[in-house]
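Read the structure below first, then the notes.
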Amino acid sequence: MPCRYYLVTFTLPNELRALAFGSQKKVYGLLMRCAAAALQKLSLDPRYLGGRLGCLAVLHTWTRAMLYHPHVHLLVTAGGLSADGTQWIEPKNPAFLVPVQALSIIFRAKVCAALKKAGLLEQAPPKVWKKNWVVHCQPAGCGERVLEYLGRYVFRIAISNSRLERIDNGQVTFRYRDNRTQQMRRVTVPAVEFIGRFLQHVLPRGCTKVRYYGIWSASRREQRDQARALLCATPPTASVEQTSKAP
């Protein structure tokens with residue numbers, strides 16, 4: 001839709017990764033649902049927005065070094081449809097969508113409740129509910145820039161052929177860019193370890209890695225059409241300057 005967007009990333013804490021890997025189908029699904037629900041809850045608050053967002057959620061389970069790191073990226077409209085469907089509402093603060101600290105607290109509470117409902121809460125260490133959870137939000141642009149980003153990002157796999165540099169004497173060397181330093185690094189591991197790193201990111205059968213929420217969900221077509229009509233009648237405001245690097 002012709003509006004600005006934010007990219008919001010929700011990361012599962014390290015303490016829950018063993019649980020996630022052992023119950024992938026359940027945990028991956030609730031991870032995506034809880035992230036979207038937390039975001040929708042704050043966006044409906046009139047102090048921040050007071051409208052229903054459109055969300056596209058993408059599940060990833062890897063770092064650039066192919067280590068296990070389950071997280072979900074949400075591409076979110078920078079604005080939402082009013083309850084009566086007559087207005088497209090912009091965020092109250094032009095510098096951010098919703099406060100990420102409050103968002104992380106709600107996300108943590110929803111994951112706790114979802115794990116309890118799934119019968120998995122006892123497998124989670126109690127200390128994880130007392131620590132801060134990581135939620136990251138940044139402007140993603142609008143229009144063709146977002147389409148270009150989606151086209152190369154949504155169905156990305158853990159590693160592409162272009163990052164493989166050498167296979168020699170049972171050792172595999174690949175490169176990746178370090179998130180913190182942005183420096184290029186190289187890793188050499190035995191072929192069996194490399195295959196193991198890659199296979200841990202193959203999703204279980206029936207697990208959907210791309211899901212839609214809010215006015216982008218399949219059941220909200222009428223609201224989606226209303227939002228598009230309102231946006232086409234009113235050009236989007238200028239995009240917010242990007243202030244942080246991608247996670």
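Just so we're on the same page: first chain in the structure tokens is A, next is B, and so on; residues restart at 1 for each chain, and ligands are numbered from 1 in the order they show up.
Within range 17-76 of chain A, the backbone-based DSSP assignment of strand (DSSP E or B) covers Arg52, Gly54, Cys55, Leu56, Ala57, Val58, Leu59, His60, Thr61, Trp62, Tyr68, His69, Pro70, His71, Val72, His73, Leu74, Leu75 and Val76 of chain A.
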message: Taking 4 positions as the minimum chain separation for residues in the same chain, which residues sit within 6 Å of range 182-193 of chain A when counting only C-alpha atoms? Answer as a PyMOL selection string.
response: chain A and resi 170-178
Export C-alpha atoms of the chosen residues as a PDB file, in the first residue's frame?
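Heads up, here's the output in selection.pdb:
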ATOM      1  CA  GLY A 170      36.459 -31.832   4.249  1.00  0.00           C
ATOM      2  CA  GLN A 171      36.409 -28.182   5.385  1.00  0.00           C
ATOM      3  CA  VAL A 172      33.935 -25.508   4.273  1.00  0.00           C
ATOM      4  CA  THR A 173      34.763 -21.797   4.347  1.00  0.00           C
ATOM      5  CA  PHE A 174      32.056 -19.168   4.102  1.00  0.00           C
ATOM      6  CA  ARG A 175      31.870 -15.450   4.786  1.00  0.00           C
ATOM      7  CA  TYR A 176      29.400 -13.234   6.606  1.00  0.00           C
ATOM      8  CA  ARG A 177      29.146  -9.640   7.771  1.00  0.00           C
ATOM      9  CA  ASP A 178      29.384  -9.091  11.519  1.00  0.00           C
TER      10      ASP A 178
END
Counting only C-alpha atoms, which residues in range 9-45 of chain A sit no more than 7 Å from range 49-57 of chain A? For each one, give the nearest pair of atoms and the distance in Å, sorted by chain then residue number, as CSV.
residue,atom,partner,partner_atom,distance
A:Met32,CA,A:Ala57,CA,6.9
A:Gln40,CA,A:Leu53,CA,6.7
A:Ser43,CA,A:Leu49,CA,5.2
A:Leu44,CA,A:Gly50,CA,4.3
A:Asp45,CA,A:Gly50,CA,4.9
message: For Gln223 in chain A, find every residue with an atom within 12 Å (counting only C-alpha atoms), except residues of its own chain fewer than 3 positions away, and show them as a list in words.
response: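 That gives Gly51, Arg52, Leu53, Gly54, Gly80, Leu81, Ser82, Ala83, Asp84, Gly85, Thr86, Gln87, Trp88, Gly214, Ile215, Trp216, Ser217, Ala218, Ser219, Arg220, Gln226, Ala227, Arg228, Ala229 and Leu230 of chain A.
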task: DSSP on the backbone, then: every residue of range 25-173 of chain A marked helix (DSSP H, G or I), written as a ChimeraX atom specification.
output: /A:25-43,100-117,121-123,126-129,144-153,161-163
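Using only C-alpha atoms, the shortest contact distance between Gly141 in chain A and any of A:Arg224, A:Leu31, A:Leu75, A:Lys209 is found at A:Leu75.
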statement: With distances taken over only C-alpha atoms, the candidate from A:Lys117, A:Gly22, A:Gly79, A:Tyr149 nearest Pro94 in chain A is A:Gly79
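Nearest to Val58 in chain A of all the residues A:Phe198, A:Trp133, A:Phe107, A:Tyr212 is A:Tyr212, based on only C-alpha atoms.
Nearest to Lys92 in chain A of all the residues A:Arg64, A:Arg180, A:His69, A:Tyr48 is A:Tyr48, counting only C-alpha atoms.
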task: May I ask for the distance between CA of Pro126 in chain A and CA of Leu203 in chain A, given in Å to one decimal place?
output: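 A separation of 27.3 Å between them.
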Report the closest atom pair, with its distance in Å rounded to one decimal, for each residue of range 21-122 of chain A that has an atom no farther than 8 Å from range 155-159 of chain A; count only C-alpha atoms, sort by chain and then rising residue number, and write it as CSV.
residue,atom,partner,partner_atom,distance
A:Trp62,CA,A:Ala158,CA,6.3
A:Thr63,CA,A:Ala158,CA,8.0
A:Arg64,CA,A:Ala158,CA,7.5
A:Met66,CA,A:Ala158,CA,6.2
task: Figure out the distance between CA of Ile106 in chain A and CA of Ala37 in chain A, please, to one decimal in Å.
output: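 Between CA of Ala37 in chain A and CA of Ile106 in chain A the gap is 8.9 Å.
The space separating CA of Lys127 in chain A from CA of Ala102 in chain A comes to 19.2 Å.
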